[in-house]
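Visitor: Handing over model-v4.cif, mmCIF, C-alpha atoms and all ligand atoms.
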data_start
loop_
_atom_site.label_atom_id
_atom_site.label_comp_id
_atom_site.auth_asym_id
_atom_site.auth_seq_id
_atom_site.Cartn_x
_atom_site.Cartn_y
_atom_site.Cartn_z
CA MET Q 122 11.91 34.64 51.23
CA SER Q 123 14.12 36.33 53.74
CA VAL Q 124 17.73 36.73 52.56
CA PRO Q 125 20.33 36.89 55.32
CA LYS Q 126 22.54 40.00 55.15
CA LYS Q 127 26.29 39.70 55.14
CA LYS Q 128 27.66 41.36 58.24
CA ASN Q 129 31.14 42.43 59.17
CA VAL Q 130 32.20 40.03 61.86
CA VAL Q 131 34.89 41.28 64.21
CA GLU Q 132 37.05 38.36 65.26
CA PRO Q 133 38.86 38.48 68.60
CA MET Q 134 42.52 39.33 68.03
CA ILE Q 135 43.79 37.23 70.96
CA GLN Q 136 46.42 34.76 69.70
CA SER Q 137 46.11 31.12 70.75
CA THR Q 138 49.87 30.66 71.26
CA SER Q 139 51.67 30.02 74.48
CA ASN Q 140 53.07 33.56 74.29
CA ALA Q 141 49.64 35.13 74.23
CA PRO Q 142 48.72 37.16 77.31
CA GLN Q 143 46.71 35.18 79.84
CA ILE Q 144 43.31 36.67 80.55
CA PRO Q 145 42.44 36.71 84.25
CA SER Q 146 39.19 34.92 84.76
CA THR Q 147 37.41 37.32 87.12
CA ASN Q 148 36.69 41.03 87.57
CA THR Q 149 38.66 42.08 84.50
CA THR Q 150 37.44 44.24 81.65
CA ILE Q 151 38.48 42.72 78.34
CA PRO Q 152 39.34 45.49 75.89
CA ARG Q 153 36.93 45.62 72.97
CA ILE Q 154 38.25 45.55 69.45
CA TYR Q 155 35.79 48.21 68.40
CA GLU Q 156 34.84 51.03 70.72
CA PRO Q 157 32.28 53.68 69.78
CA SER Q 158 34.30 56.60 68.49
CA PRO Q 159 33.49 60.17 67.53
CA ALA Q 160 35.75 59.79 64.50
CA PRO Q 161 33.79 59.20 61.30
CA PRO Q 162 34.68 56.17 59.19
CA HIS Q 163 37.48 56.84 56.72
CA VAL Q 164 36.09 56.53 53.23
CA PRO Q 165 38.58 56.94 50.39
CA ARG Q 166 37.32 59.49 47.93
CA ILE Q 167 36.54 58.21 44.46
CA SER Q 168 34.28 59.79 41.91
CA SER Q 169 30.86 58.17 41.82
CA GLU Q 170 31.28 57.73 38.04
CA ALA Q 171 34.12 55.27 38.72
CA LYS Q 172 31.50 52.92 40.16
CA LEU Q 173 30.48 52.17 36.57
CA LEU Q 174 33.58 49.94 36.46
CA HIS Q 175 32.00 47.72 39.10
CA HIS Q 176 28.89 47.19 37.00
CA THR Q 177 30.37 46.13 33.68
CA ALA Q 178 27.47 43.78 32.91
CA HIS Q 179 24.99 46.65 33.25
CA VAL Q 180 27.18 48.92 31.13
CA HIS Q 181 27.46 46.23 28.47
CA ALA Q 182 23.68 45.72 28.57
CA ILE Q 183 23.10 49.44 27.97
CA SER Q 184 25.46 49.36 25.01
CA THR Q 185 23.62 46.39 23.50
CA GLY Q 186 20.09 47.55 24.36
CA SER Q 187 19.26 44.56 26.56
CA PHE Q 188 18.80 46.23 29.92
CA LEU Q 189 19.47 44.43 33.20
CA PRO Q 190 17.33 45.27 36.25
CA PRO Q 191 18.23 48.61 37.83
CA ILE Q 192 21.15 48.73 40.27
CA MET Q 193 19.77 51.37 42.61
CA VAL Q 194 16.23 52.67 42.73
CA ASP Q 195 14.80 55.61 44.61
CA ILE Q 196 11.92 54.80 46.90
CA ASP Q 197 9.57 57.68 47.66
CA PRO Q 198 7.45 56.89 50.75
CA VAL Q 199 5.79 60.31 50.37
CA ASP Q 200 4.73 62.29 47.30
CA GLY Q 201 3.75 65.92 47.01
CA VAL Q 202 4.49 67.37 50.44
CA CYS Q 203 7.52 68.49 52.47
CA ASN Q 204 7.81 70.08 55.89
CA LEU Q 205 10.66 72.36 54.71
CA ASP Q 206 11.18 74.51 51.63
CA CYS Q 207 14.88 74.60 50.63
CA ASN Q 208 15.79 77.38 48.22
CA TRP Q 209 17.66 75.06 45.82
CA CYS Q 210 15.30 72.08 45.97
CA CYS Q 211 15.34 70.45 42.53
CA GLN Q 212 12.22 68.50 43.52
CA ALA Q 213 10.04 71.47 44.54
CA LYS Q 214 8.28 71.68 41.19
CA SER Q 215 7.67 67.95 40.96
CA ARG Q 216 6.31 68.03 44.49
CA SER Q 217 4.03 71.00 44.03
CA ALA Q 218 2.61 69.56 40.81
CA ARG Q 219 0.85 66.69 42.57
CA PRO Q 220 -1.23 65.99 45.65
CA ALA Q 221 0.14 64.57 48.89
CA LYS Q 222 0.24 60.78 48.96
CA PHE Q 223 1.74 58.31 51.43
CA MET Q 224 2.96 54.83 50.49
CA THR Q 225 0.86 52.23 52.27
CA PRO Q 226 2.38 49.56 54.55
CA ASN Q 227 1.06 46.90 52.17
CA THR Q 228 2.94 48.38 49.20
CA MET Q 229 6.05 48.77 51.35
CA LYS Q 230 5.98 45.11 52.33
CA GLN Q 231 5.57 43.91 48.75
CA LEU Q 232 8.17 46.31 47.36
CA GLY Q 233 11.04 44.61 49.18
CA VAL Q 234 10.11 41.16 47.90
CA PHE Q 235 9.54 42.48 44.38
CA CYS Q 236 12.85 44.36 44.18
CA GLY Q 237 14.78 41.47 45.73
CA ASP Q 238 13.36 39.02 43.21
CA TRP Q 239 13.90 41.43 40.30
CA GLY Q 240 17.59 41.89 41.15
CA VAL Q 241 17.68 45.48 42.45
CA LYS Q 242 20.76 45.92 44.63
CA SER Q 243 20.05 49.06 46.61
CA TRP Q 244 17.37 51.50 47.68
CA ARG Q 245 17.82 55.19 48.25
CA ILE Q 246 14.85 56.18 50.39
CA SER Q 247 14.35 59.88 49.80
CA GLY Q 248 11.80 61.30 47.38
CA ASP Q 249 10.62 64.62 46.05
CA SER Q 250 9.19 64.99 49.56
CA GLU Q 251 10.46 64.35 53.09
CA PRO Q 252 10.42 60.54 53.55
CA LEU Q 253 9.96 60.63 57.33
CA LEU Q 254 6.57 62.28 56.93
CA ASN Q 255 5.48 58.69 56.38
CA GLN Q 256 5.07 57.26 59.88
CA ASN Q 257 5.48 53.70 58.59
CA ILE Q 258 9.07 54.23 57.53
CA ASP Q 259 10.34 51.29 59.61
CA THR Q 260 8.07 48.93 57.67
CA LEU Q 261 9.74 50.05 54.44
CA ILE Q 262 13.26 49.68 55.81
CA HIS Q 263 12.54 46.19 57.14
CA SER Q 264 10.97 45.19 53.84
CA GLY Q 265 14.09 46.07 51.84
CA TYR Q 266 16.53 44.72 54.40
CA ASP Q 267 14.73 41.37 54.67
CA SER Q 268 15.08 41.00 50.89
CA GLY Q 269 18.84 41.56 50.94
CA ILE Q 270 18.78 45.13 49.63
CA ASP Q 271 21.32 47.75 50.74
CA ILE Q 272 19.45 50.78 52.03
CA GLY Q 273 20.40 54.44 52.32
CA LEU Q 274 18.02 56.95 53.89
CA ILE Q 275 18.20 60.65 53.08
CA THR Q 276 16.15 62.97 55.26
CA ASN Q 277 16.06 66.58 56.37
CA GLY Q 278 16.28 65.20 59.90
CA VAL Q 279 13.32 66.90 61.51
CA PHE Q 280 11.53 63.63 62.28
CA LEU Q 281 14.47 61.33 62.96
CA GLU Q 282 12.80 60.04 66.11
CA ARG Q 283 10.27 58.24 63.89
CA VAL Q 284 12.96 55.76 62.80
CA SER Q 285 13.88 52.73 64.89
CA ALA Q 286 15.48 50.52 62.24
CA PHE Q 287 18.84 52.35 61.97
CA SER Q 288 20.71 49.05 62.30
CA LYS Q 289 19.23 47.97 58.96
CA LEU Q 290 20.63 50.98 57.07
CA THR Q 291 23.85 51.06 55.07
CA TYR Q 292 23.98 54.82 55.45
CA LEU Q 293 21.98 57.71 56.78
CA GLY Q 294 22.30 61.15 55.16
CA VAL Q 295 20.93 64.16 56.99
CA SER Q 296 20.55 67.20 54.73
CA LEU Q 297 21.47 69.94 57.18
CA ASP Q 298 22.98 72.59 54.87
CA ALA Q 299 23.88 74.90 57.77
CA THR Q 300 25.80 74.92 61.02
CA THR Q 301 23.58 77.41 62.85
CA ALA Q 302 19.86 77.56 63.51
CA SER Q 303 19.51 81.01 61.94
CA THR Q 304 21.06 80.05 58.59
CA TRP Q 305 19.19 76.74 58.63
CA SER Q 306 15.97 78.66 59.11
CA GLN Q 307 16.73 81.09 56.26
CA VAL Q 308 17.80 78.58 53.62
CA LYS Q 309 14.92 76.23 54.44
CA ASN Q 310 12.24 78.87 54.99
CA THR Q 311 11.18 77.59 58.37
CA SER Q 312 11.35 78.45 62.05
CA PRO Q 313 14.82 77.92 63.62
CA ARG Q 314 13.32 75.76 66.37
CA GLY Q 315 13.85 72.41 64.65
CA PHE Q 316 17.64 72.77 64.26
CA ASP Q 317 18.60 71.87 67.84
CA THR Q 318 16.29 68.84 67.78
CA ILE Q 319 18.06 67.55 64.67
CA ILE Q 320 21.48 67.96 66.28
CA SER Q 321 20.45 66.16 69.46
CA ASN Q 322 18.94 63.35 67.40
CA ILE Q 323 22.17 63.02 65.39
CA LYS Q 324 24.13 62.76 68.64
CA ARG Q 325 21.77 60.10 69.95
CA ILE Q 326 21.95 58.05 66.75
CA ARG Q 327 25.76 58.35 66.67
CA ASN Q 328 25.91 57.08 70.22
CA ASP Q 329 23.44 54.23 69.71
CA HIS Q 330 24.79 53.13 66.30
CA PRO Q 331 28.53 53.79 66.28
CA SER Q 332 29.18 51.84 63.08
CA LEU Q 333 26.43 53.45 60.99
CA ASP Q 334 27.76 55.55 58.09
CA LEU Q 335 26.15 58.78 59.27
CA CYS Q 336 26.63 61.68 56.86
CA ILE Q 337 25.72 65.32 57.14
CA LYS Q 338 24.91 66.71 53.74
CA PHE Q 339 25.55 70.31 52.82
CA VAL Q 340 24.52 72.03 49.59
CA ARG Q 341 26.37 75.33 49.05
CA PHE Q 342 23.81 77.78 47.73
CA ASP Q 343 24.13 81.32 46.45
CA ALA Q 344 20.81 82.92 45.58
CA LYS Q 345 22.52 85.04 42.89
CA LYS Q 346 24.37 82.24 41.08
CA SER Q 347 22.72 78.90 41.84
CA LEU Q 348 19.71 77.35 40.20
CA ASN Q 349 16.78 77.89 42.53
CA LYS Q 350 13.74 75.75 43.21
CA HIS Q 351 11.64 77.45 40.53
CA GLN Q 352 14.07 76.69 37.72
CA PHE Q 353 13.60 72.91 37.53
CA SER Q 354 11.00 70.98 35.49
CA GLU Q 355 9.62 74.22 34.12
CA HIS Q 356 6.95 72.50 32.01
CA LEU Q 357 5.24 70.98 35.09
CA SER Q 358 2.19 72.89 36.21
CA ILE Q 359 2.49 74.22 39.70
CA ILE Q 360 -0.01 74.31 42.53
CA SER Q 361 1.86 76.82 44.70
CA GLU Q 362 5.07 78.83 44.50
CA THR Q 363 7.02 80.39 47.36
CA ASP Q 364 9.74 83.05 47.37
CA VAL Q 365 13.48 82.39 47.22
CA ALA Q 366 15.27 84.20 50.05
CA GLU Q 367 18.35 86.26 49.10
CA VAL Q 368 20.76 84.21 51.23
CA ASP Q 369 23.81 82.02 50.91
CA ASN Q 370 25.44 79.55 53.28
CA TYR Q 371 29.04 79.75 52.02
CA VAL Q 372 30.59 80.83 55.33
CA GLU Q 373 29.06 77.88 57.13
CA ALA Q 374 30.20 75.54 54.35
CA GLU Q 375 33.76 76.33 55.48
CA GLU Q 376 32.89 75.16 59.00
CA MET Q 377 31.05 72.04 57.95
CA GLU Q 378 33.93 69.53 57.95
CA ASP Q 379 34.77 70.30 61.58
CA PHE Q 380 31.12 70.58 62.56
CA ALA Q 381 30.40 67.10 61.19
CA LYS Q 382 33.58 65.67 62.69
CA ASN Q 383 32.60 66.92 66.13
CA LEU Q 384 29.34 65.03 65.78
CA GLY Q 385 31.18 61.88 64.66
CA CYS Q 386 29.78 62.18 61.15
CA ARG Q 387 31.05 62.35 57.61
CA ALA Q 388 30.47 65.64 55.76
CA ILE Q 389 29.26 65.57 52.16
CA ILE Q 390 29.54 69.05 50.67
CA ARG Q 391 28.56 69.95 47.14
CA ASP Q 392 27.54 73.04 45.23
CA ALA Q 393 23.95 73.69 44.22
CA TYR Q 394 23.63 73.43 40.46
CA PRO Q 395 24.82 76.60 38.71
CA GLU Q 396 22.49 78.59 36.50
CA ASN Q 397 22.46 77.28 32.92
CA PHE Q 398 23.94 73.98 34.09
CA ALA Q 399 22.21 72.14 31.25
CA GLU Q 400 24.14 74.22 28.71
CA THR Q 401 27.36 72.62 29.97
CA TYR Q 402 26.31 68.99 29.35
CA LYS Q 403 28.61 67.22 26.89
CA PHE Q 404 26.18 64.49 25.90
CA SER Q 405 23.32 64.59 23.44
CA GLN Q 406 21.24 61.62 24.60
CA CYS Q 407 20.36 60.12 27.97
CA HIS Q 408 21.92 56.66 28.41
CA VAL Q 409 22.08 56.10 32.15
CA THR Q 410 18.44 55.71 33.20
CA PRO Q 411 18.39 51.87 32.91
CA MET Q 412 20.73 51.86 35.94
CA GLY Q 413 17.96 53.23 38.17
CA GLY Q 414 14.39 54.42 38.52
CA VAL Q 415 11.90 55.68 41.06
CA PHE Q 416 9.07 53.87 42.85
CA ASP Q 417 6.83 56.63 44.17
CA ALA Q 418 4.07 56.53 46.77
CA SER Q 419 1.40 56.85 44.07
CA HIS Q 420 2.63 53.65 42.32
CA ASN Q 421 4.27 55.48 39.40
CA PHE Q 422 7.62 54.18 38.21
CA HIS Q 423 9.68 57.13 36.91
CA LEU Q 424 12.76 56.64 34.74
CA CYS Q 425 14.80 59.26 36.57
CA CYS Q 426 14.87 60.81 40.03
CA ASP Q 427 15.86 64.16 38.52
CA ALA Q 428 12.88 64.17 36.19
CA ARG Q 429 10.08 62.79 38.33
CA SER Q 430 6.67 62.99 36.63
CA VAL Q 431 8.34 63.71 33.27
CA HIS Q 432 9.36 60.22 32.08
CA VAL Q 433 6.99 57.65 33.60
CA LEU Q 434 7.26 53.99 32.55
CA THR Q 435 4.07 52.90 34.30
CA ASP Q 436 1.44 54.65 36.39
CA ASP Q 437 0.95 51.51 38.49
CA TYR Q 438 3.94 49.30 39.20
CA THR Q 439 1.68 46.91 41.11
CA ARG Q 440 -0.46 46.29 38.00
CA ASP Q 441 -1.03 42.69 36.96
CA ASN Q 442 0.19 41.47 40.33
CA TRP Q 443 3.51 43.40 39.92
CA ARG Q 444 4.23 41.70 36.59
CA GLU Q 445 3.75 44.69 34.28
CA LEU Q 446 6.93 46.58 35.19
CA PRO Q 447 9.41 43.75 34.47
CA ARG Q 448 7.59 43.24 31.14
CA LEU Q 449 7.91 46.91 30.24
CA TRP Q 450 11.55 47.09 31.30
CA GLY Q 451 13.73 46.95 28.18
CA SER Q 452 10.68 46.95 25.88
CA ASP Q 453 10.35 49.10 22.76
CA LEU Q 454 8.15 51.47 24.77
CA HIS Q 455 10.86 51.84 27.39
CA LYS Q 456 13.53 52.51 24.74
CA LYS Q 457 11.28 55.01 22.98
CA LEU Q 458 10.76 56.88 26.25
CA ILE Q 459 14.52 57.08 26.74
CA GLU Q 460 15.10 58.20 23.15
CA ASN Q 461 12.63 61.03 23.68
CA ILE Q 462 14.50 62.44 26.68
CA GLN Q 463 15.99 65.79 25.77
CA PRO Q 464 18.88 66.34 28.20
CA LYS Q 465 18.95 70.11 27.73
CA GLN Q 466 15.47 70.17 29.26
CA CYS Q 467 16.81 68.51 32.42
CA ALA Q 468 17.96 71.55 34.41
CA GLY Q 469 19.87 69.50 36.99
CA CYS Q 470 21.19 66.14 35.78
CA ALA Q 471 23.09 64.55 38.66
CA LYS Q 472 24.28 61.84 36.28
CA SER Q 473 25.63 64.14 33.57
CA LYS Q 474 29.18 62.81 33.97
CA MET Q 475 27.97 59.20 33.70
CA ASN Q 476 26.04 60.12 30.58
CA GLU Q 477 29.18 61.67 29.10
CA ILE Q 478 31.21 58.56 29.86
CA LEU Q 479 28.58 56.27 28.39
CA GLU Q 480 28.17 58.38 25.26
CA HIS Q 481 31.83 58.98 24.38
CA ILE Q 482 33.81 56.24 26.13
CA VAL Q 483 31.50 53.21 26.14
CA LEU Q 484 29.45 53.91 23.03
CA PRO Q 485 31.14 55.19 19.90
CA SER Q 486 30.42 58.86 19.31
CA ASN Q 487 31.85 61.54 17.06
CA HIS Q 488 33.91 62.68 20.03
CA SER Q 489 35.25 59.30 21.16
CA LYS Q 490 38.48 59.86 19.26
CA ASP Q 491 39.04 63.12 21.18
CA TYR Q 492 39.41 61.08 24.36
CA GLN Q 493 42.31 59.01 22.90
CA LEU Q 494 40.71 55.92 24.31
CA ASN Q 495 43.71 53.64 23.97
CA PHE Q 496 46.01 55.78 26.11
CA ILE Q 497 45.12 54.57 29.57
S1 LIG Q 501 19.43 63.50 31.13
FE1 LIG Q 501 19.94 63.29 33.30
S2 LIG Q 501 18.26 64.28 34.42
FE2 LIG Q 501 17.55 63.90 32.33
S3 LIG Q 501 16.49 61.95 32.44
FE3 LIG Q 501 18.62 61.51 31.83
S4 LIG Q 501 19.72 61.10 33.75
FE4 LIG Q 501 17.78 62.11 34.26
#
Hey, can you dump this file as structure tokens for me?

Guide:
Amino acid sequence: MSVPKKKNVVEPMIQSTSNAPQIPSTNTTIPRIYEPSPAPPHVPRISSEAKLLHHTAHVHAISTGSFLPPIMVDIDPVDGVCNLDCNWCCQAKSRSARPAKFMTPNTMKQLGVFCGDWGVKSWRISGDSEPLLNQNIDTLIHSGYDSGIDIGLITNGVFLERVSAFSKLTYLGVSLDATTASTWSQVKNTSPRGFDTIISNIKRIRNDHPSLDLCIKFVRFDAKKSLNKHQFSEHLSIISETDVAEVDNYVEAEEMEDFAKNLGCRAIIRDAYPENFAETYKFSQCHVTPMGGVFDASHNFHLCCDARSVHVLTDDYTRDNWRELPRLWGSDLHKKLIENIQPKQCAGCAKSKMNEILEHIVLPSNHSKDYQLNFI
């Protein structure tokens, strides 16, 4: 069943009092409340871990072992192939360990209904591969939107013209990672030609969809200090391996805020994972995976986007007319899989801070007392 989305409705600000200005009836342009603007939306900065406070029922369910449906899932419309080759890509090994596969329109259509009924709140369409290599991307976006799901799309931007359904997105993230074509070409191991096309597509989208949260993503990478694409998921067997160029993009990181602002976008800048990142984790078990999961194009459901192909709950989420996955969710098998996760083997855990909070603040651990929990 189609679920209507809540939309921000802009009410006219004209007062209905006798003192209100009279609007001439002809040949007059009424000022609009909202005009397209090159200024990006102002988003107050909070740490993403603070969002746990919004999902207290899910946190409680994790602490009691009765998992609720995931809050956000990753949707991978493409497996096993990317048109670029970023030096820091934490998905390169996962991608090269399996053949190319494209999610079918039929699966896309059913996925929205399934996730809506299950209680999933949001989709991050990304993948271990470039999602816009799937030419049916609009079908996927419509499927989620029609089932009331908030949708973010993360892409390298090369094929942005394949998307029409921008008005159905909550946000669009373009992983640019450079401000010039030459650096873009070096850090992504590709010809510089595509850079200008991405920029002109960003301008077009900004103009056509002024209220879309359009972000330019930038990963600061230093070939000497950052984890590179060969250092993730080391136990996965690899089909092909390419070199890591001796480059960094630090100078352009300094320019990124202004660069994004000039395009009317929000900049999201973060560092590539440092070498030996896993040694810095302050948690001993993984707790956070019941908040998410990954539906890939091959019908696998993975427990974690950072460990695709490592912890797989089912190899066919459509099995038994889509009834197997909800049955497995929260089962002994599911809990056993989570118990067997060894965090130190996860080279780049994006949710390490959440795991630390869950282990020491929410669940009682030997270190909980060190946090002086009652002094808030
Ligand atoms: S420890 Fe981190 S990277 Fe590993 S499975 Fe858990 S959430 Fe994912």

Visitor: Using only C-alpha atoms and all ligand atoms, which of the listed residues (Q:Leu384, Q:Leu254, Q:Lys338, Q:Gln212) sits closest to ligand LIG 501 (chain Q)?

Guide: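 With only C-alpha atoms and all ligand atoms as the atom set, the closest residue is Q:Gln212.
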
Visitor: In Å, how far is it from CA of Thr276 in chain Q to CA of Val340 in chain Q?

Guide: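 These two atoms are separated by 13.6 Å.
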
Visitor: Name the residues within 8 Å of (9.7, 59.5, 45.8), counting all atoms listed in the file in the file's coordinates, and put them as a count of residues only.

Guide: 17

Visitor: Could you tell me, counting all atoms listed in the file, which protein and nucleic acid residues lie no more than 7 Å from ligand LIG 501 (chain Q), written as a tab-separated table (two decimals) with C-alpha atoms, in the frame of the given file?

Guide:
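Listed below is the output, out-v5.tsv:
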chain	number	residue	atom	x	y	z
Q	407	CYS	CA	20.36	60.12	27.97
Q	408	HIS	CA	21.92	56.66	28.41
Q	409	VAL	CA	22.08	56.10	32.15
Q	410	THR	CA	18.44	55.71	33.20
Q	424	LEU	CA	12.76	56.64	34.74
Q	425	CYS	CA	14.80	59.26	36.57
Q	426	CYS	CA	14.87	60.81	40.03
Q	427	ASP	CA	15.86	64.16	38.52
Q	428	ALA	CA	12.88	64.17	36.19
Q	462	ILE	CA	14.50	62.44	26.68
Q	463	GLN	CA	15.99	65.79	25.77
Q	464	PRO	CA	18.88	66.34	28.20
Q	467	CYS	CA	16.81	68.51	32.42
Q	469	GLY	CA	19.87	69.50	36.99
Q	470	CYS	CA	21.19	66.14	35.78
Q	471	ALA	CA	23.09	64.55	38.66
Q	472	LYS	CA	24.28	61.84	36.28
Q	473	SER	CA	25.63	64.14	33.57

Visitor: Could you pull the residues within 9 Å of range 433-436 of chain Q, counting all atoms listed in the file, minus those fewer than 4 positions along the same chain, as an MDAnalysis selection string?

Guide: chainID Q and resid 419:425 429 440 445:446 449:450 454:455 458

Visitor: Take CA of Glu367 in chain Q and CA of Ala344 in chain Q and report the distance between them in Å, one decimal.

Guide: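 CA of Glu367 in chain Q sits 5.4 Å away from CA of Ala344 in chain Q.
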
Visitor: Find the spatial neighbours of Arg391 in chain Q, counting all atoms listed in the file, within a cut-off of 12 Å - ignore same-chain residues fewer than 6 positions away - and output them as a list in words.

Guide: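 Selected residues are Ser296, Asp298, Ile337, Lys338, Phe339, Val340, Arg341, Phe342, Ser347, Asn370, Tyr371, Ala374, Glu375, Met377 and Ala471 of chain Q.
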
Visitor: What is the distance, in Å and to one decimal place, between CA of Gly294 in chain Q and CA of Ser332 in chain Q?

Guide: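 Computing the Euclidean distance for CA of Gly294 in chain Q and CA of Ser332 in chain Q yields 14.0 Å.
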
Visitor: With all atoms listed in the file counted, which protein, DNA or RNA residues have an atom no more than 12 Å from (4.3, 69.7, 52.6) in the file frame? Please answer as a count of residues only.

Guide: 28

Visitor: I'd like to know which of Q:Leu173, Q:Ile183, Q:Cys211, Q:Cys336 is closest to Ile459 in chain Q, using all atoms listed in the file.

Guide: Q:Ile183

Visitor: From the options Q:Asp334, Q:Asn322, Q:His175, Q:Glu460, which residue's atoms come nearest to Ala388 in chain Q, counting only C-alpha atoms?

Guide: Q:Asp334

Visitor: Residues within 12 Å of Ala182 in chain Q, please, as a VMD selection string. Count all atoms listed in the file; anything in the same chain fewer than 6 positions from it doesn't count.

Guide: chain Q and resid 176 188 to 191 408 to 409 411 to 412 451 479 483 to 484

Visitor: Given the choices Q:Gly315, Q:Gly186, Q:Pro165, Q:Pro226, which gets closest to Gln256 in chain Q if the distance is worked out from only C-alpha atoms?

Guide: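 Ranked by minimum distance to Gln256 in chain Q, first place goes to Q:Pro226.
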
Visitor: What's the 7 Å shell around Ile192 in chain Q, counting all atoms listed in the file, without same-chain residues fewer than 6 positions away, as a list in words?

Guide: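 That gives Val241, Lys242, Ser243, Met412 and Gly413 of chain Q.
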
Visitor: Name the closest residue to Ser187 in chain Q among the candidates Q:Gln466, Q:Thr304, Q:Thr439, Q:Ser452; distances are taken between atoms, counting only C-alpha atoms.

Guide: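 For Ser187 in chain Q, the nearest of the candidates is Q:Ser452.
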
Visitor: Return the single residue from Q:Tyr292, Q:Ala286, Q:Ala299, Q:Gly233 that is closest to Ile270 in chain Q, with distances computed using all atoms listed in the file.

Guide: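 Using all atoms listed in the file, the shortest distance to Ile270 in chain Q belongs to Q:Gly233.
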